[in-house]
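Printed here is coords-v3.txt (compact mmCIF, C-alpha atoms):
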# COMPACT_ATOMS: atom_id res chain seq x y z
CA MET A 1 -2.36 -15.38 -2.67
CA LEU A 2 -3.00 -18.10 -0.10
CA ILE A 3 -1.36 -20.70 -2.31
CA GLY A 4 1.63 -18.39 -2.64
CA LEU A 5 1.91 -18.05 1.10
CA VAL A 6 1.68 -21.79 1.65
CA CYS A 7 4.39 -22.37 -0.95
CA LEU A 8 6.60 -19.84 0.75
CA ALA A 9 6.29 -21.38 4.18
CA PRO A 10 9.15 -23.86 4.60
CA THR A 11 8.67 -26.65 7.11
CA GLN A 12 12.29 -26.73 8.13
CA GLY A 13 15.35 -24.54 8.08
CA PHE A 14 17.43 -23.75 5.05
CA ALA A 15 20.93 -22.61 4.36
CA ALA A 16 21.75 -19.02 3.65
CA ALA A 17 21.21 -18.17 0.00
CA SER A 18 22.12 -15.32 -2.30
CA SER A 19 18.50 -14.29 -2.75
CA TYR A 20 15.09 -14.93 -1.25
CA LEU A 21 11.51 -14.56 -2.36
CA CYS A 22 9.33 -13.18 0.40
CA ALA A 23 5.57 -12.88 0.73
CA ILE A 24 4.28 -10.17 3.01
CA SER A 25 1.28 -11.46 4.89
CA GLU A 26 0.55 -8.81 7.49
CA VAL A 27 1.34 -5.15 7.99
CA TYR A 28 0.29 -2.96 10.90
CA GLU A 29 0.57 0.81 10.90
CA CYS A 30 1.28 2.27 14.30
CA ALA A 31 1.26 5.83 15.54
CA ALA A 32 1.73 7.40 18.94
CA VAL A 33 -1.47 7.63 20.96
CA ASP A 34 -3.55 6.04 18.19
CA GLY A 35 -1.85 2.66 18.50
CA CYS A 36 -1.67 0.12 15.69
CA GLU A 37 -4.10 -1.04 13.09
CA ARG A 38 -3.84 -3.54 10.29
CA ALA A 39 -3.06 -1.96 6.94
CA ASN A 40 -3.93 -3.02 3.44
CA LEU A 41 -0.77 -3.47 1.37
CA LYS A 42 -2.27 -1.73 -1.62
CA ASP A 43 -3.40 1.25 0.42
CA ILE A 44 0.07 1.84 1.78
CA ASN A 45 1.78 1.15 -1.55
CA LEU A 46 3.79 -1.86 -0.42
CA SER A 47 4.37 -4.92 -2.60
CA ALA A 48 2.97 -8.25 -1.46
CA PHE A 49 5.96 -10.12 -2.88
CA ILE A 50 9.51 -8.94 -2.50
CA THR A 51 12.80 -10.37 -3.70
CA VAL A 52 15.72 -9.94 -1.33
CA ASP A 53 18.99 -10.08 -3.21
CA VAL A 54 21.67 -10.38 -0.58
CA ASP A 55 24.57 -10.37 -3.06
CA LYS A 56 23.39 -7.25 -4.89
CA LYS A 57 22.14 -5.72 -1.65
CA GLN A 58 18.81 -4.88 -3.20
CA LEU A 59 15.13 -5.36 -2.50
CA SER A 60 12.79 -5.49 -5.47
CA SER A 61 9.07 -5.92 -5.89
CA ALA A 62 8.11 -9.30 -7.29
CA SER A 63 4.36 -8.93 -7.61
CA VAL A 64 2.95 -9.83 -11.00
CA GLY A 65 1.53 -6.90 -12.95
CA GLU A 66 3.20 -4.30 -10.80
CA ALA A 67 5.81 -1.83 -11.95
CA SER A 68 9.19 -2.96 -10.71
CA ARG A 69 10.46 -1.00 -7.76
CA THR A 70 13.71 -1.45 -5.97
CA GLU A 71 15.39 -0.34 -2.78
CA ASP A 72 19.03 -0.54 -1.79
CA ILE A 73 19.94 -2.51 1.28
CA GLU A 74 22.52 -0.63 3.27
CA GLY A 75 23.54 -3.41 5.57
CA VAL A 76 23.33 -7.19 5.62
CA THR A 77 24.49 -9.47 8.37
CA THR A 78 24.12 -13.22 8.03
CA THR A 79 24.42 -15.67 10.89
CA ASP A 80 23.67 -19.37 10.97
CA LYS A 81 20.15 -18.59 12.17
CA ALA A 82 19.08 -15.43 10.40
CA VAL A 83 19.73 -12.71 7.88
CA PHE A 84 19.51 -9.17 9.22
CA LEU A 85 18.83 -6.33 6.84
CA TYR A 86 18.52 -2.57 7.19
CA GLY A 87 18.34 0.55 5.11
CA THR A 88 17.23 4.16 4.83
CA GLN A 89 15.32 5.96 2.10
CA ASP A 90 14.14 9.56 2.12
CA GLU A 91 11.98 9.81 5.25
CA GLU A 92 12.07 6.10 5.91
CA THR A 93 14.31 3.80 7.86
CA TRP A 94 13.73 0.08 7.87
CA ASN A 95 15.08 -3.19 9.15
CA ALA A 96 14.12 -6.83 8.75
CA THR A 97 15.04 -10.21 10.12
CA LEU A 98 14.74 -13.28 7.95
CA SER A 99 14.87 -16.49 9.93
CA LEU A 100 16.88 -19.28 8.36
CA GLU A 101 15.22 -21.71 10.74
CA ASN A 102 11.67 -21.33 9.49
CA GLY A 103 11.69 -18.62 6.80
CA ALA A 104 9.75 -16.16 8.92
CA LEU A 105 10.22 -12.52 8.04
CA SER A 106 9.61 -9.73 10.48
CA GLY A 107 10.55 -6.12 10.11
CA GLY A 108 9.81 -2.53 10.78
CA ILE A 109 9.57 0.59 8.65
CA THR A 110 9.58 4.02 10.22
CA SER A 111 8.06 6.74 8.08
CA GLY A 112 7.77 10.09 9.83
CA PRO A 113 5.40 9.68 12.77
CA SER A 114 4.20 6.30 11.48
CA SER A 115 5.82 2.98 12.15
CA PHE A 116 4.93 -0.14 10.22
CA ALA A 117 5.31 -3.66 11.56
CA VAL A 118 5.72 -6.10 8.69
CA PHE A 119 5.41 -9.89 8.78
CA GLY A 120 5.79 -12.53 6.12
CA ASN A 121 7.59 -15.65 4.97
CA CYS A 122 10.58 -16.19 2.74
CA THR A 123 12.13 -19.02 0.83
CA PRO A 124 15.46 -19.23 -1.01
CA LYS A 125 15.08 -18.19 -4.61
CA PRO A 126 16.02 -20.98 -7.00
CA MET B 1 -28.59 26.64 -30.74
CA LYS B 2 -24.95 27.65 -30.56
CA HIS B 3 -25.26 27.76 -26.80
CA PHE B 4 -26.71 24.27 -26.81
CA TYR B 5 -23.71 22.89 -28.70
CA ARG B 6 -21.35 24.63 -26.32
CA LEU B 7 -23.18 23.07 -23.41
CA LEU B 8 -23.09 19.68 -25.12
CA TYR B 9 -19.38 20.08 -25.75
CA GLY B 10 -18.86 21.01 -22.12
CA LEU B 11 -20.71 17.91 -21.04
CA VAL B 12 -18.60 15.73 -23.33
CA VAL B 13 -15.44 17.26 -21.92
CA ALA B 14 -16.77 16.73 -18.42
CA SER B 15 -17.54 13.10 -19.26
CA LEU B 16 -14.04 12.64 -20.61
CA VAL B 17 -12.56 14.11 -17.49
CA THR B 18 -14.74 11.86 -15.41
CA ALA B 19 -13.70 8.84 -17.44
CA LEU B 20 -10.06 9.70 -16.99
CA THR B 21 -10.28 10.16 -13.30
CA SER B 22 -13.53 8.64 -12.12
CA ALA B 23 -12.17 5.44 -10.72
CA ALA B 24 -9.86 7.53 -8.82
CA PHE B 25 -11.31 10.70 -7.72
CA ALA B 26 -14.93 11.13 -6.84
CA GLY B 27 -14.88 14.82 -7.59
CA GLY B 28 -12.51 16.42 -10.07
CA ILE B 29 -12.20 19.65 -11.94
CA PHE B 30 -14.84 20.54 -14.49
CA ALA B 31 -14.13 23.54 -16.67
CA TYR B 32 -16.75 24.95 -18.99
CA PRO B 33 -15.54 27.53 -21.53
CA LEU B 34 -17.66 30.64 -20.97
CA LYS B 35 -16.11 32.62 -23.79
CA GLY B 36 -16.33 30.02 -26.51
CA GLN B 37 -12.64 29.15 -26.26
CA SER B 38 -11.45 26.71 -28.91
CA GLN B 39 -10.15 23.27 -28.01
CA GLU B 40 -6.62 24.48 -28.68
CA GLN B 41 -7.16 27.44 -26.39
CA GLN B 42 -8.59 25.18 -23.67
CA ASP B 43 -5.58 22.89 -23.92
CA ALA B 44 -3.24 25.86 -23.72
CA ASP B 45 -5.12 27.30 -20.75
CA LEU B 46 -5.10 23.97 -18.93
CA TYR B 47 -1.40 23.62 -19.52
CA ALA B 48 -0.73 27.15 -18.31
CA CYS B 49 -2.90 26.67 -15.23
CA HIS B 50 -1.33 23.33 -14.43
CA GLN B 51 2.10 25.01 -14.58
CA TRP B 52 0.92 27.98 -12.54
CA ALA B 53 -0.74 25.79 -9.91
CA MET B 54 2.47 23.79 -9.55
CA ALA B 55 4.53 26.96 -9.21
CA GLU B 56 2.14 28.50 -6.69
CA THR B 57 1.72 25.46 -4.48
CA GLY B 58 5.00 23.69 -5.06
CA PHE B 59 3.07 20.50 -5.63
CA ASP B 60 3.81 18.36 -8.63
CA PRO B 61 1.27 15.55 -9.10
CA ALA B 62 4.03 13.51 -10.69
CA THR B 63 5.56 13.10 -7.25
CA ILE B 64 2.72 10.83 -6.24
CA PRO B 65 4.24 7.37 -6.07
CA PRO B 66 3.43 5.03 -8.94
CA ALA B 67 1.60 1.75 -8.48
CA SER B 68 -0.11 3.15 -5.48
CA GLY B 69 -3.59 2.40 -4.38
CA ALA B 70 -3.73 6.00 -3.35
CA GLN B 71 -2.25 7.19 -6.59
CA GLY B 72 -5.52 7.09 -8.45
CA ALA B 73 -7.27 8.95 -5.72
CA LEU B 74 -4.75 11.72 -5.72
CA LYS B 75 -3.40 12.01 -9.23
CA GLY B 76 -3.78 15.51 -10.57
CA VAL B 77 -6.89 16.15 -12.55
CA PHE B 78 -4.90 18.55 -14.68
CA VAL B 79 -2.58 15.73 -15.55
CA GLY B 80 -5.59 13.63 -16.47
CA LEU B 81 -6.86 16.40 -18.69
CA LEU B 82 -3.52 17.02 -20.24
CA ALA B 83 -3.03 13.33 -20.92
CA GLY B 84 -5.72 13.62 -23.53
CA GLY B 85 -4.07 16.53 -25.26
CA ILE B 86 -0.96 18.39 -24.38
CA VAL B 87 1.89 16.40 -22.94
CA ALA B 88 1.59 16.32 -19.20
CA ALA B 89 3.95 18.78 -17.67
CA THR B 90 4.84 16.52 -14.84
CA GLY B 91 8.19 16.81 -13.24
CA GLY B 92 8.48 20.23 -14.81
CA ALA B 93 9.82 23.53 -13.70
CA ALA B 94 7.92 23.77 -10.48
CA ALA B 95 9.84 22.58 -7.51
CA ALA B 96 8.10 19.54 -6.15
CA ILE B 97 6.95 20.01 -2.62
CA ALA B 98 8.88 17.96 -0.15
CA ILE B 99 6.07 15.59 0.53
CA GLY B 100 8.42 12.68 0.88
CA ALA B 101 6.57 10.66 -1.66
CA GLY B 102 9.81 8.90 -2.28
CA GLY B 103 9.53 8.67 -6.01
CA GLY B 104 8.10 5.20 -5.82
CA GLY B 105 10.91 3.27 -4.19
CA LEU B 106 9.94 -0.02 -2.64
CA ILE B 107 10.24 1.27 0.91
CA GLY B 108 10.43 4.99 0.12
CA GLY B 109 7.09 4.79 -1.64
CA ILE B 110 5.26 3.56 1.43
CA LEU B 111 2.26 5.71 2.23
CA GLY B 112 1.38 6.05 5.85
CA LYS B 113 -1.64 8.00 6.97
CA HIS B 114 0.38 11.13 7.72
CA LYS B 115 1.97 11.09 4.29
CA GLN B 116 -1.37 10.51 2.59
CA ALA B 117 -2.81 13.47 4.51
CA LYS B 118 0.15 15.59 3.49
CA ILE B 119 -0.27 14.70 -0.18
CA THR B 120 -4.02 15.24 -0.03
CA ALA B 121 -3.55 18.71 1.46
CA ALA B 122 -0.96 19.64 -1.16
CA TYR B 123 -3.12 18.25 -3.92
CA THR B 124 -6.16 20.18 -2.70
CA ALA B 125 -4.13 23.39 -2.73
CA TYR B 126 -2.95 22.58 -6.24
CA LEU B 127 -6.54 22.06 -7.40
CA GLN B 128 -7.69 25.30 -5.77
CA ALA B 129 -4.90 27.20 -7.48
CA GLY B 130 -5.83 25.58 -10.76
CA LYS B 131 -9.47 26.52 -10.26
CA THR B 132 -8.56 30.14 -9.57
CA CYS B 133 -6.40 30.26 -12.68
CA MET B 134 -9.04 28.71 -14.94
CA GLN B 135 -11.71 31.05 -13.60
CA ALA B 136 -9.48 34.02 -14.37
CA LYS B 137 -9.17 32.74 -17.91
CA GLY B 138 -12.92 32.69 -18.40
CA TYR B 139 -14.11 29.25 -17.41
CA GLN B 140 -16.88 28.09 -15.13
CA VAL B 141 -15.03 25.73 -12.84
CA SER B 142 -16.08 23.30 -10.18
CA ILE B 143 -13.99 20.82 -8.23

Whole structure given in structure tokens:
Amino acid sequence: MLIGLVCLAPTQGFAAASSYLCAISEVYECAAVDGCERANLKDINLSAFITVDVDKKQLSSASVGEASRTEDIEGVTTTDKAVFLYGTQDEETWNATLSLENGALSGGITSGPSSFAVFGNCTPKP
Amino acid sequence: MKHFYRLLYGLVVASLVTALTSAAFAGGIFAYPLKGQSQEQQDADLYACHQWAMAETGFDPATIPPASGAQGALKGVFVGLLAGGIVAATGGAAAAIAIGAGGGGLIGGILGKHKQAKITAAYTAYLQAGKTCMQAKGYQVSI
């Protein structure tokens, strides 16, 4: 896992690509009054590795040994510094920002009264 | 002697159930046939009670998202039992409760604490309904 994260941490910026491989490193679950606490990816049923296909507008799980799961991306906006993504699914709404300067990924998922803050790193998929 | 074999059989069934669900669920449903029901009859009763419990509670264990860490802990014991015999009646006639399990989408399948609590409550109701049904059919049942 650590090796994967190191490999996915670019030292400099990269050009926009058609797809990215992202490693989720940290997730926090937040709720009103209770505040936030770090969540285990497995416990909350979120993949540690996710492929972002900008052309197909689709997210897909990329973790080895895990059943493939996908999610449609409703909107994509690409600038020279970042890729912005958002979508909705059942009770959930989500958005993410992928930095083209350093590959950092940050996003949020709202699921009913819970809100998840997600952090990771991405690299263009060869 | 006959009683001993029935008890032994019950223990084997209980062990099987435990094996199917142990990693997952500390408890589980244990059904001992009090009236000497045959294996076929037990399978039929389990199937009927699984269907009835789904209809009564509106909870379909199949709606629990796949590949979930919580899946094992919540997956229906009836489904586990049925997996060894009758085809699991998952996704069947009973309307799945709107638990928002999301059917396992990448984002839609995310399980926050509130959703886990919701599923657990629905699953508990489903198990209780199943217990009531199996008891009515002549089984000693514990969850």

Interface, chain A side, toward chain B (6 Å; all atoms listed in the file) as JSON, numbers by chain: {"A": [42, 43, 44, 45, 46, 69, 70, 71, 89]}

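Within 6 Å of the point (21.4, -3.1, -2.7), counting all atoms listed in the file, the protein and nucleic acid residues come to Lys56, Lys57, Gln58, Asp72 and Ile73 of chain A.
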
field: Nearby residues (all atoms listed in the file) at most 7 Å from A:Ala17, same-chain spacing under 2 positions excluded, as a list in words
entry: Ala15, Ser19 and Pro124 of chain A

message: I want to know what sits within 8 Å of A:Glu74, based on all atoms listed in the file, with residues of the same chain fewer than 6 positions away left out; could you give that as a ChimeraX atom specification?
response: /A:57,85-88

Resulting file, chosen residues, C-alpha atoms, as a PDB file, keeping the file's coordinate frame:
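part.pdb, freshly written:
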ATOM      1  CA  LYS A  57      22.140  -5.720  -1.650  1.00  0.00           C
ATOM      2  CA  LEU A  85      18.830  -6.330   6.840  1.00  0.00           C
ATOM      3  CA  TYR A  86      18.520  -2.570   7.190  1.00  0.00           C
ATOM      4  CA  GLY A  87      18.340   0.550   5.110  1.00  0.00           C
ATOM      5  CA  THR A  88      17.230   4.160   4.830  1.00  0.00           C
TER       6      THR A  88
END

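Candidate residues A:Phe84, A:Ile24, A:Ser47, A:Cys30 were compared for distance to A:Ser63, and the nearest is A:Ser47, using all atoms listed in the file.
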
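Our summary of the geometry notes that atom CA of B:Ile119 is positioned 22.5 Å from atom CA of A:Ala117.
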
task: Give the answer as one residue: which of B:Ala117, B:Val141, B:Ala122, B:Ala129 has the shortest atom-to-atom distance to B:Ala31, using all atoms listed in the file?
output: B:Val141

With 5 Å of padding per side, what axis-aligned box (centre and edge lengths, Å, one decimal) covers all the listed atoms of stretch 52-63 of chain B? Give it as lines of an AutoDock Vina configuration file.
center_x = 2.4
center_y = 20.8
center_z = -8.5
size_x = 16.3
size_y = 25.4
size_z = 18.1

- line: One decimal place gives the atom CA of B:Gln135-atom CA of B:Ala62 separation as 23.7 Å

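Ranking A:Leu21, A:Ala16, A:Val83, A:Ile109 by their shortest atom-to-atom distance to A:Asn121, with only C-alpha atoms included, puts A:Leu21 first.
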
Length of the atom CA of A:Glu37 to atom CA of A:Gly112 vector [Å]: 16.6 Å
